[in-house]
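Coordinates as given in my_file.csv (CSV, C-alpha atoms):
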chain,number,residue,atom,x,y,z
M,1,MET,CA,-159.2,15.1,-32.3
M,2,ASN,CA,-160.3,18.0,-34.5
M,3,THR,CA,-162.1,17.9,-37.8
M,4,LEU,CA,-161.6,20.1,-40.9
M,5,LYS,CA,-164.5,20.6,-43.3
M,6,ILE,CA,-163.6,21.0,-47.0
M,7,HIS,CA,-166.1,21.8,-49.7
M,8,THR,CA,-165.0,20.4,-53.1
M,9,THR,CA,-166.3,21.8,-56.3
M,10,ARG,CA,-165.5,19.2,-59.0
M,11,ARG,CA,-165.8,15.4,-59.6
M,12,GLN,CA,-162.1,15.0,-59.3
M,13,GLN,CA,-160.0,17.6,-57.5
M,14,PHE,CA,-156.9,18.0,-55.4
M,15,VAL,CA,-157.5,20.6,-52.7
M,16,ASP,CA,-154.5,22.0,-51.0
M,17,ILE,CA,-155.2,21.8,-47.2
M,18,THR,CA,-151.7,22.6,-46.0
M,19,ALA,CA,-152.6,26.0,-44.6
M,20,GLU,CA,-155.6,24.7,-42.7
M,21,ILE,CA,-153.4,21.9,-41.1
M,22,GLU,CA,-150.6,24.4,-40.4
M,23,LYS,CA,-153.1,26.6,-38.6
M,24,PHE,CA,-154.3,23.6,-36.6
M,25,VAL,CA,-150.7,22.9,-35.6
M,26,ALA,CA,-150.2,26.5,-34.5
M,27,ASP,CA,-153.4,26.5,-32.5
M,28,SER,CA,-152.4,23.3,-30.7
M,29,GLY,CA,-149.4,25.1,-29.1
M,30,ILE,CA,-147.3,21.9,-29.7
M,31,SER,CA,-143.8,22.6,-30.8
M,32,ASP,CA,-142.5,19.1,-31.6
M,33,GLY,CA,-144.6,16.1,-32.5
M,34,ILE,CA,-146.5,14.3,-35.1
M,35,CYS,CA,-149.6,15.4,-36.9
M,36,TYR,CA,-151.9,12.5,-37.9
M,37,LEU,CA,-154.5,12.8,-40.6
M,38,PHE,CA,-157.5,10.6,-41.4
M,39,CYS,CA,-160.1,10.9,-44.1
M,40,PRO,CA,-163.3,9.1,-43.1
M,41,HIS,CA,-164.6,8.7,-46.7
M,42,THR,CA,-164.4,5.9,-49.2
M,43,THR,CA,-164.3,8.1,-52.4
M,44,ALA,CA,-161.8,10.7,-51.2
M,45,GLY,CA,-158.3,10.3,-49.7
M,46,ILE,CA,-155.3,12.3,-48.8
M,47,THR,CA,-151.9,12.6,-50.5
M,48,PHE,CA,-148.7,14.6,-50.5
M,49,ASN,CA,-147.6,16.2,-53.7
M,50,GLU,CA,-146.2,19.2,-55.5
M,51,ASN,CA,-147.8,22.5,-54.5
M,52,TRP,CA,-146.0,24.8,-56.9
M,53,ASP,CA,-147.2,24.0,-60.4
M,54,PRO,CA,-150.9,23.2,-60.6
M,55,ASP,CA,-150.2,21.3,-63.8
M,56,VAL,CA,-149.0,18.5,-61.5
M,57,GLN,CA,-152.5,18.0,-60.1
M,58,HIS,CA,-153.9,18.2,-63.7
M,59,ASP,CA,-151.5,15.4,-64.8
M,60,MET,CA,-152.2,13.3,-61.6
M,61,ALA,CA,-155.9,13.5,-62.4
M,62,LEU,CA,-155.4,12.4,-66.0
M,63,ASN,CA,-153.2,9.5,-64.9
M,64,LEU,CA,-155.6,8.3,-62.2
M,65,ASP,CA,-158.5,8.3,-64.6
M,66,ALA,CA,-156.4,6.1,-66.9
M,67,ILE,CA,-155.5,3.8,-64.0
M,68,ALA,CA,-159.1,3.4,-62.7
M,69,PRO,CA,-161.4,3.9,-65.7
M,70,GLN,CA,-165.1,3.1,-65.7
M,71,ARG,CA,-165.7,-0.5,-66.8
M,72,PRO,CA,-168.7,-2.4,-68.1
M,73,ASP,CA,-168.0,-5.3,-65.8
M,74,PHE,CA,-168.1,-3.2,-62.6
M,75,ARG,CA,-171.0,-4.2,-60.4
M,76,HIS,CA,-171.3,-1.5,-57.8
M,77,ALA,CA,-174.6,0.1,-58.6
M,78,GLU,CA,-173.6,3.6,-57.5
M,79,GLY,CA,-171.3,3.8,-60.5
M,80,ASN,CA,-168.4,5.3,-58.6
M,81,SER,CA,-166.1,2.3,-58.3
M,82,PRO,CA,-163.2,4.2,-59.9
M,83,ALA,CA,-163.4,6.7,-57.0
M,84,HIS,CA,-163.2,3.8,-54.5
M,85,VAL,CA,-160.1,2.4,-56.2
M,86,LYS,CA,-158.4,5.8,-56.3
M,87,THR,CA,-159.1,6.3,-52.6
M,88,SER,CA,-157.3,3.1,-51.7
M,89,LEU,CA,-154.4,4.0,-54.0
M,90,MET,CA,-153.9,7.4,-52.3
M,91,SER,CA,-154.7,6.1,-48.7
M,92,SER,CA,-157.0,7.6,-46.1
M,93,ASP,CA,-154.4,8.0,-43.3
M,94,HIS,CA,-151.2,9.9,-43.3
M,95,HIS,CA,-148.8,11.6,-40.9
M,96,VAL,CA,-146.4,14.5,-41.0
M,97,PHE,CA,-143.8,15.7,-38.5
M,98,VAL,CA,-144.0,18.9,-36.5
M,99,GLU,CA,-140.9,20.9,-35.5
M,100,ASN,CA,-140.7,24.3,-33.9
M,101,GLY,CA,-144.5,24.5,-34.3
M,102,ARG,CA,-144.4,24.0,-38.1
M,103,LEU,CA,-145.1,21.1,-40.4
M,104,VAL,CA,-142.0,19.5,-41.7
M,105,LEU,CA,-142.7,19.4,-45.4
M,106,GLY,CA,-140.3,19.4,-48.4
M,107,ARG,CA,-139.9,22.6,-50.3
M,108,TRP,CA,-142.3,21.6,-53.0
M,109,GLN,CA,-144.6,19.5,-50.9
M,110,GLY,CA,-148.2,20.2,-50.0
M,111,ILE,CA,-151.0,18.2,-48.3
M,112,TYR,CA,-154.0,17.5,-50.5
M,113,LEU,CA,-157.5,16.2,-50.0
M,114,ALA,CA,-158.0,14.0,-53.1
M,115,GLU,CA,-161.6,14.2,-54.1
M,116,PHE,CA,-162.7,11.5,-56.5
M,117,ASP,CA,-166.5,11.7,-56.4
M,118,GLY,CA,-167.4,15.4,-55.8
M,119,PRO,CA,-168.6,17.9,-55.4
M,120,ARG,CA,-169.2,17.2,-51.8
M,121,THR,CA,-168.5,18.4,-48.3
M,122,ARG,CA,-165.6,16.3,-46.9
M,123,ALA,CA,-164.1,15.9,-43.4
M,124,ILE,CA,-160.5,15.4,-42.4
M,125,HIS,CA,-159.8,14.3,-38.8
M,126,LEU,CA,-156.6,15.5,-37.3
M,127,LYS,CA,-154.7,14.7,-34.1
M,128,ILE,CA,-151.4,16.2,-33.0
M,129,VAL,CA,-149.3,14.4,-30.4
M,130,ALA,CA,-146.2,15.9,-28.8
M,131,THR,CA,-143.1,13.7,-29.0
U,132,MET,CA,-136.1,14.0,-35.7
U,133,ASN,CA,-133.2,12.6,-37.6
U,134,THR,CA,-132.5,12.6,-41.4
U,135,LEU,CA,-130.9,10.0,-43.6
U,136,LYS,CA,-129.2,11.1,-46.8
U,137,ILE,CA,-129.4,8.6,-49.7
U,138,HIS,CA,-127.7,9.0,-53.0
U,139,THR,CA,-129.6,7.4,-55.9
U,140,THR,CA,-127.9,6.4,-59.1
U,141,ARG,CA,-130.7,5.7,-61.6
U,142,ARG,CA,-133.9,7.4,-62.9
U,143,GLN,CA,-136.0,4.7,-61.2
U,144,GLN,CA,-134.6,2.7,-58.3
U,145,PHE,CA,-135.6,1.0,-55.1
U,146,VAL,CA,-132.9,1.5,-52.5
U,147,ASP,CA,-133.0,-0.8,-49.5
U,148,ILE,CA,-132.7,1.5,-46.5
U,149,THR,CA,-133.6,-1.1,-43.8
U,150,ALA,CA,-130.1,-1.3,-42.4
U,151,GLU,CA,-129.8,2.5,-42.0
U,152,ILE,CA,-133.1,2.6,-40.2
U,153,GLU,CA,-132.2,-0.4,-38.0
U,154,LYS,CA,-129.1,1.5,-37.0
U,155,PHE,CA,-131.1,4.6,-36.2
U,156,VAL,CA,-133.3,2.5,-34.0
U,157,ALA,CA,-130.3,0.9,-32.2
U,158,ASP,CA,-128.7,4.3,-31.7
U,159,SER,CA,-131.9,5.7,-30.1
U,160,GLY,CA,-131.7,3.2,-27.3
U,161,ILE,CA,-135.5,2.8,-27.4
U,162,SER,CA,-136.6,-0.8,-26.9
U,163,ASP,CA,-140.3,-0.7,-27.8
U,164,GLY,CA,-142.0,1.9,-29.8
U,165,ILE,CA,-142.9,3.1,-33.3
U,166,CYS,CA,-140.5,4.3,-35.9
U,167,TYR,CA,-142.0,7.0,-38.2
U,168,LEU,CA,-140.6,7.7,-41.7
U,169,PHE,CA,-141.2,10.7,-43.9
U,170,CYS,CA,-139.9,11.5,-47.4
U,171,PRO,CA,-139.9,15.2,-48.1
U,172,HIS,CA,-139.8,14.9,-51.9
U,173,THR,CA,-142.5,14.9,-54.5
U,174,THR,CA,-140.8,12.5,-57.0
U,175,ALA,CA,-139.6,9.9,-54.5
U,176,GLY,CA,-141.5,7.9,-51.9
U,177,ILE,CA,-141.1,5.0,-49.4
U,178,THR,CA,-142.4,1.5,-49.7
U,179,PHE,CA,-142.1,-1.9,-48.0
U,180,ASN,CA,-141.5,-4.9,-50.2
U,181,GLU,CA,-139.5,-8.0,-50.7
U,182,ASN,CA,-135.8,-7.8,-49.9
U,183,TRP,CA,-134.7,-11.3,-51.0
U,184,ASP,CA,-135.0,-11.5,-54.8
U,185,PRO,CA,-133.9,-8.2,-56.6
U,186,ASP,CA,-136.2,-9.3,-59.5
U,187,VAL,CA,-139.1,-8.1,-57.4
U,188,GLN,CA,-137.8,-4.5,-57.6
U,189,HIS,CA,-137.2,-5.0,-61.3
U,190,ASP,CA,-140.8,-6.1,-61.9
U,191,MET,CA,-142.2,-3.3,-59.6
U,192,ALA,CA,-140.3,-0.8,-61.8
U,193,LEU,CA,-141.7,-2.3,-65.0
U,194,ASN,CA,-145.2,-2.3,-63.6
U,195,LEU,CA,-145.0,1.3,-62.3
U,196,ASP,CA,-143.8,2.5,-65.7
U,197,ALA,CA,-146.8,0.9,-67.3
U,198,ILE,CA,-149.2,2.4,-64.7
U,199,ALA,CA,-147.7,5.9,-65.0
U,200,PRO,CA,-146.3,6.3,-68.6
U,201,GLN,CA,-145.3,9.6,-70.1
U,202,ARG,CA,-148.3,11.1,-72.0
U,203,PRO,CA,-148.6,13.8,-74.7
U,204,ASP,CA,-151.5,15.5,-72.8
U,205,PHE,CA,-149.4,16.0,-69.6
U,206,ARG,CA,-148.9,19.7,-69.0
U,207,HIS,CA,-146.2,19.8,-66.3
U,208,ALA,CA,-143.3,21.4,-68.0
U,209,GLU,CA,-140.6,19.6,-66.1
U,210,GLY,CA,-141.7,16.4,-67.8
U,211,ASN,CA,-141.6,14.3,-64.7
U,212,SER,CA,-145.3,13.9,-64.0
U,213,PRO,CA,-145.0,10.1,-64.0
U,214,ALA,CA,-142.6,10.4,-61.0
U,215,HIS,CA,-145.2,12.6,-59.2
U,216,VAL,CA,-147.9,10.0,-59.7
U,217,LYS,CA,-145.8,7.1,-58.6
U,218,THR,CA,-144.8,9.0,-55.4
U,219,SER,CA,-148.4,9.4,-54.4
U,220,LEU,CA,-149.1,5.7,-55.2
U,221,MET,CA,-146.2,4.6,-52.9
U,222,SER,CA,-146.9,7.3,-50.2
U,223,SER,CA,-144.4,9.6,-48.5
U,224,ASP,CA,-145.1,8.6,-44.9
U,225,HIS,CA,-144.9,5.2,-43.3
U,226,HIS,CA,-144.4,3.6,-39.8
U,227,VAL,CA,-143.0,0.4,-38.5
U,228,PHE,CA,-143.1,-1.1,-35.0
U,229,VAL,CA,-140.0,-1.5,-32.8
U,230,GLU,CA,-139.7,-4.4,-30.3
U,231,ASN,CA,-136.6,-5.3,-28.3
U,232,GLY,CA,-134.7,-2.6,-30.1
U,233,ARG,CA,-135.4,-4.1,-33.5
U,234,LEU,CA,-137.7,-3.2,-36.4
U,235,VAL,CA,-140.7,-5.6,-36.6
U,236,LEU,CA,-140.6,-6.6,-40.2
U,237,GLY,CA,-141.8,-9.7,-42.0
U,238,ARG,CA,-139.2,-12.3,-43.0
U,239,TRP,CA,-139.0,-11.1,-46.6
U,240,GLN,CA,-139.8,-7.4,-45.9
U,241,GLY,CA,-137.4,-4.5,-46.4
U,242,ILE,CA,-137.9,-0.7,-46.4
U,243,TYR,CA,-137.2,1.0,-49.7
U,244,LEU,CA,-136.6,4.5,-50.8
U,245,ALA,CA,-138.5,4.6,-54.1
U,246,GLU,CA,-136.7,6.9,-56.5
U,247,PHE,CA,-138.7,8.0,-59.5
U,248,ASP,CA,-136.7,10.9,-60.9
U,249,GLY,CA,-133.1,10.2,-60.1
U,250,PRO,CA,-130.2,10.3,-59.8
U,251,ARG,CA,-130.4,12.7,-56.9
U,252,THR,CA,-129.5,13.0,-53.2
U,253,ARG,CA,-132.7,12.3,-51.2
U,254,ALA,CA,-133.6,12.8,-47.5
U,255,ILE,CA,-135.7,10.5,-45.3
U,256,HIS,CA,-136.8,12.0,-42.0
U,257,LEU,CA,-137.1,9.6,-39.1
U,258,LYS,CA,-138.6,9.8,-35.6
U,259,ILE,CA,-138.8,7.1,-33.0
U,260,VAL,CA,-141.3,7.3,-30.2
U,261,ALA,CA,-141.3,4.9,-27.2
U,262,THR,CA,-144.7,3.3,-26.5
W,263,MET,CA,-148.0,-5.2,-29.7
W,264,ASN,CA,-150.7,-7.8,-30.6
W,265,THR,CA,-151.1,-9.9,-33.7
W,266,LEU,CA,-154.2,-11.0,-35.4
W,267,LYS,CA,-154.2,-14.2,-37.5
W,268,ILE,CA,-156.4,-14.2,-40.6
W,269,HIS,CA,-157.0,-17.2,-42.9
W,270,THR,CA,-157.7,-16.2,-46.5
W,271,THR,CA,-159.5,-18.5,-48.9
W,272,ARG,CA,-158.9,-17.1,-52.3
W,273,ARG,CA,-156.0,-15.8,-54.5
W,274,GLN,CA,-157.2,-12.2,-54.2
W,275,GLN,CA,-159.6,-11.2,-51.4
W,276,PHE,CA,-160.5,-8.3,-49.3
W,277,VAL,CA,-161.2,-9.6,-45.7
W,278,ASP,CA,-163.1,-7.2,-43.4
W,279,ILE,CA,-161.0,-7.1,-40.2
W,280,THR,CA,-162.9,-4.1,-38.6
W,281,ALA,CA,-164.6,-6.2,-35.9
W,282,GLU,CA,-161.4,-7.9,-34.8
W,283,ILE,CA,-159.6,-4.6,-34.5
W,284,GLU,CA,-162.6,-3.0,-32.7
W,285,LYS,CA,-162.4,-5.9,-30.2
W,286,PHE,CA,-158.7,-5.3,-29.8
W,287,VAL,CA,-159.4,-1.7,-29.0
W,288,ALA,CA,-162.1,-2.6,-26.5
W,289,ASP,CA,-159.8,-5.2,-24.8
W,290,SER,CA,-157.1,-2.5,-24.4
W,291,GLY,CA,-159.2,-0.4,-22.2
W,292,ILE,CA,-157.9,2.7,-23.9
W,293,SER,CA,-160.5,5.4,-24.5
W,294,ASP,CA,-158.7,7.9,-26.7
W,295,GLY,CA,-155.7,7.2,-28.8
W,296,ILE,CA,-154.4,5.9,-32.1
W,297,CYS,CA,-154.5,2.3,-33.3
W,298,TYR,CA,-151.6,1.4,-35.6
W,299,LEU,CA,-151.7,-1.5,-38.0
W,300,PHE,CA,-148.8,-3.3,-39.8
W,301,CYS,CA,-149.0,-6.2,-42.2
W,302,PRO,CA,-145.6,-8.1,-42.2
W,303,HIS,CA,-146.1,-9.7,-45.7
W,304,THR,CA,-145.0,-8.7,-49.2
W,305,THR,CA,-148.0,-10.0,-51.1
W,306,ALA,CA,-150.8,-8.8,-48.8
W,307,GLY,CA,-151.5,-5.3,-47.5
W,308,ILE,CA,-154.1,-3.3,-45.6
W,309,THR,CA,-156.7,-0.8,-47.0
W,310,PHE,CA,-159.7,1.2,-45.9
W,311,ASN,CA,-162.8,1.0,-48.1
W,312,GLU,CA,-166.5,0.6,-48.3
W,313,ASN,CA,-168.0,-2.1,-46.1
W,314,TRP,CA,-171.6,-1.9,-47.2
W,315,ASP,CA,-171.8,-3.2,-50.8
W,316,PRO,CA,-169.5,-6.2,-51.4
W,317,ASP,CA,-169.6,-5.2,-55.1
W,318,VAL,CA,-167.0,-2.5,-54.3
W,319,GLN,CA,-164.5,-5.2,-53.3
W,320,HIS,CA,-165.3,-7.1,-56.5
W,321,ASP,CA,-164.7,-4.0,-58.6
W,322,MET,CA,-161.5,-3.2,-56.7
W,323,ALA,CA,-160.2,-6.7,-57.4
W,324,LEU,CA,-161.0,-6.3,-61.2
W,325,ASN,CA,-159.3,-2.9,-61.3
W,326,LEU,CA,-156.2,-4.1,-59.4
W,327,ASP,CA,-155.8,-7.1,-61.8
W,328,ALA,CA,-155.9,-4.6,-64.7
W,329,ILE,CA,-153.3,-2.3,-63.0
W,330,ALA,CA,-150.9,-5.1,-62.2
W,331,PRO,CA,-151.4,-7.9,-64.7
W,332,GLN,CA,-149.0,-10.8,-65.2
W,333,ARG,CA,-146.3,-9.9,-67.8
W,334,PRO,CA,-144.0,-12.0,-69.9
W,335,ASP,CA,-141.0,-9.7,-69.1
W,336,PHE,CA,-141.4,-10.2,-65.3
W,337,ARG,CA,-138.4,-11.9,-63.9
W,338,HIS,CA,-139.4,-12.9,-60.4
W,339,ALA,CA,-139.4,-16.7,-60.5
W,340,GLU,CA,-142.2,-17.2,-58.0
W,341,GLY,CA,-144.6,-15.7,-60.6
W,342,ASN,CA,-146.4,-13.5,-58.0
W,343,SER,CA,-145.0,-10.1,-59.0
W,344,PRO,CA,-148.5,-8.6,-59.5
W,345,ALA,CA,-149.2,-9.4,-55.8
W,346,HIS,CA,-146.0,-7.5,-54.8
W,347,VAL,CA,-147.0,-4.5,-56.8
W,348,LYS,CA,-150.5,-4.4,-55.4
W,349,THR,CA,-149.2,-4.7,-51.8
W,350,SER,CA,-147.1,-1.5,-52.3
W,351,LEU,CA,-150.1,0.2,-53.9
W,352,MET,CA,-152.3,-0.5,-50.8
W,353,SER,CA,-149.5,0.0,-48.3
W,354,SER,CA,-148.6,-2.3,-45.3
W,355,ASP,CA,-149.0,0.3,-42.5
W,356,HIS,CA,-152.0,2.3,-41.5
W,357,HIS,CA,-153.5,4.1,-38.5
W,358,VAL,CA,-156.9,4.9,-37.3
W,359,PHE,CA,-158.1,7.1,-34.4
W,360,VAL,CA,-159.8,5.8,-31.3
W,361,GLU,CA,-162.3,7.9,-29.4
W,362,ASN,CA,-164.5,6.8,-26.5
W,363,GLY,CA,-163.1,3.3,-26.9
W,364,ARG,CA,-164.2,3.0,-30.5
W,365,LEU,CA,-162.5,3.2,-33.9
W,366,VAL,CA,-163.2,6.5,-35.6
W,367,LEU,CA,-164.3,5.3,-39.0
W,368,GLY,CA,-166.6,6.9,-41.6
W,369,ARG,CA,-170.1,5.6,-41.9
W,370,TRP,CA,-169.2,3.4,-44.9
W,371,GLN,CA,-165.6,2.6,-44.0
W,372,GLY,CA,-164.2,-0.7,-43.0
W,373,ILE,CA,-160.6,-2.0,-42.6
W,374,TYR,CA,-159.5,-4.7,-44.9
W,375,LEU,CA,-156.7,-7.2,-45.2
W,376,ALA,CA,-156.0,-7.1,-48.9
W,377,GLU,CA,-154.8,-10.6,-49.9
W,378,PHE,CA,-153.1,-10.8,-53.3
W,379,ASP,CA,-151.4,-14.2,-53.2
W,380,GLY,CA,-153.7,-16.5,-51.2
W,381,PRO,CA,-155.0,-18.6,-49.8
W,382,ARG,CA,-152.7,-18.2,-46.8
W,383,THR,CA,-152.6,-17.5,-43.1
W,384,ARG,CA,-151.7,-13.9,-42.6
W,385,ALA,CA,-150.7,-11.8,-39.6
W,386,ILE,CA,-151.6,-8.2,-38.8
W,387,HIS,CA,-149.7,-6.5,-36.0
W,388,LEU,CA,-151.5,-3.9,-33.9
W,389,LYS,CA,-150.5,-1.4,-31.3
W,390,ILE,CA,-152.8,1.1,-29.6
W,391,VAL,CA,-151.3,4.2,-28.0
W,392,ALA,CA,-153.3,6.5,-25.7
W,393,THR,CA,-153.1,10.2,-26.6

So, in terms of structure tokens, how does the structure I just supplied come out?
Amino acid sequence: MNTLKIHTTRRQQFVDITAEIEKFVADSGISDGICYLFCPHTTAGITFNENWDPDVQHDMALNLDAIAPQRPDFRHAEGNSPAHVKTSLMSSDHHVFVENGRLVLGRWQGIYLAEFDGPRTRAIHLKIVAT
Amino acid sequence: MNTLKIHTTRRQQFVDITAEIEKFVADSGISDGICYLFCPHTTAGITFNENWDPDVQHDMALNLDAIAPQRPDFRHAEGNSPAHVKTSLMSSDHHVFVENGRLVLGRWQGIYLAEFDGPRTRAIHLKIVAT
Amino acid sequence: MNTLKIHTTRRQQFVDITAEIEKFVADSGISDGICYLFCPHTTAGITFNENWDPDVQHDMALNLDAIAPQRPDFRHAEGNSPAHVKTSLMSSDHHVFVENGRLVLGRWQGIYLAEFDGPRTRAIHLKIVAT
């Protein structure tokens, strides 16, 4: 198991971590397998989405703020309940296939750390298994 | 790794792909293992849900349209930001166990391609690993 | 493959199943690997979230009720369409790494059965694979 460290700079932010994960796959020397990801935080998750037009991330952030707004009847004293909800919506754990030493992603697909309570230093655990 | 091709016929549509995946498992000859799925698109995902009453898919579609409506402050010029959000909500990557050469699904559970920006031809990558 | 049985007591409830899964990992004798989870229901899922302050679960439940409210135009005759939507939002299938015979979870992270149409007896399938 390896761990990436990612420094986020805003409260809500989608950070493209595809290149870091691609490098981890290359360093592993594994040609064909599955790359597993796990985000050990409760206010940040992982998602796949478009990596071409940054406006997609902008619109995702707007939409998630509308889905999980702050509410007067929330009880969690830290005040970051929306970030907890968004994390469960995106999920903490994902996988992606590896073929010929490369991630098998769609043409427009990137892998994102989804920060919902930044800025912070976040970890992503990775494991690659040959198949 | 194998790839299914699925032709969707509507803008938003849940296509039951359980039988195609079951066939892939049978063809693999693997009795016990894990079947991994990956959808390489950013406006279509995969989800598990009820395969008995088609009204469940109807209601899911209504609810997702309410969660991710079109908005005047969206910037993505293609106009399909709701489809990107819904894809991240459903997730692109899933797994299901295999026992005795069959998918281990609940009695009412099917596997769906969740199309959010159709009609299109979509791919689903599959890999089955013996355990 | 093993199966946990969990008895839920309320309509909507987040049940911390971390200890049961930790015990399953210990009993397996596997030191390093991946623990896979699968929930074979269509009105209950699995999610990772904070296990320290129970107010987080309270706020998650409030937020999910707002995301997936009952609607007059829902057609599914059982009346539990919101539970189906919430299940797809949380996902049925997850994985977590195992190192030194322990689950690799973040400091504040627990694994939850997310019940959306209880009270019921629910199953969680588990499989641990050495890596």

Mind running chain W against chain M at 10 Å and telling me each contacting residue's nearest atom pair with the distance in Å (one decimal), counting all atoms listed in the file, chain and number ascending, as CSV?
residue,atom,partner,partner_atom,distance
W:Asp294,CA,M:Met1,CA,9.1
W:Gly295,CA,M:Lys127,CA,9.2
W:Ile296,CA,M:Lys127,CA,9.0
W:Ile308,CA,M:Ser88,CA,9.4
W:Thr309,CA,M:Ser88,CA,6.1
W:Phe310,CA,M:Ser88,CA,6.6
W:Asn311,CA,M:Thr42,CA,5.3
W:Glu312,CA,M:Thr42,CA,5.8
W:Asn313,CA,M:Thr42,CA,9.3
W:Asp315,CA,M:His76,CA,7.2
W:Pro316,CA,M:His76,CA,8.1
W:Asp317,CA,M:His76,CA,4.9
W:Val318,CA,M:His76,CA,5.6
W:Gln319,CA,M:His76,CA,9.0
W:His320,CA,M:Arg75,CA,7.5
W:Asp321,CA,M:Phe74,CA,5.3
W:Met322,CA,M:Val85,CA,5.8
W:Ala323,CA,M:Val85,CA,9.2
W:Leu324,CA,M:Phe74,CA,7.9
W:Asn325,CA,M:Ala68,CA,6.5
W:Leu326,CA,M:Val85,CA,8.2
W:Ala328,CA,M:Ile67,CA,8.4
W:Ile329,CA,M:Ile67,CA,6.6
W:Lys348,CA,M:Leu89,CA,9.4
W:Ser350,CA,M:Leu89,CA,9.3
W:Leu351,CA,M:Leu89,CA,5.7
W:Met352,CA,M:Leu89,CA,5.9
W:Ser353,CA,M:Ser91,CA,8.0
W:Asp355,CA,M:Asp93,CA,9.4
W:His356,CA,M:Asp93,CA,6.4
W:His357,CA,M:Asp93,CA,6.2
W:Val358,CA,M:Phe38,CA,7.0
W:Phe359,CA,M:Phe38,CA,7.8
W:Val360,CA,M:Met1,CA,9.4
W:Glu361,CA,M:Met1,CA,8.4
W:Val366,CA,M:Pro40,CA,7.9
W:Leu367,CA,M:Pro40,CA,5.7
W:Gly368,CA,M:Pro40,CA,4.2
W:Arg369,CA,M:Pro40,CA,7.7
W:Trp370,CA,M:Thr42,CA,6.9
W:Gln371,CA,M:Thr42,CA,6.3
W:Gly372,CA,M:Thr42,CA,9.1
W:Thr393,CA,M:Val129,CA,6.8

Q.
Neighbouring residues of Lys267 (chain W) were defined as those with any atom within 9 Å, considering all atoms listed in the file; residues of the same chain fewer than 5 positions away were excluded. Please report them as a list in words.
A. Thr383, Arg384, Ala385 and Ile386 of chain W

Q) What is the distance between CA of Phe24 (chain M) and CA of Ala114 (chain M), in Å to one decimal? A)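 These two atoms are separated by 19.4 Å.
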
(Q) If I take CA of Ile111 (chain M) and CA of Asn133 (chain U), how far is one from the other in Å, to one decimal? (A)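 Interatomic distance here is 21.5 Å.
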
(Q) One decimal, in Å: what's the spacing between CA of Asp65 (chain M) and CA of Val277 (chain W)? (A)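 A separation of 26.2 Å between them.
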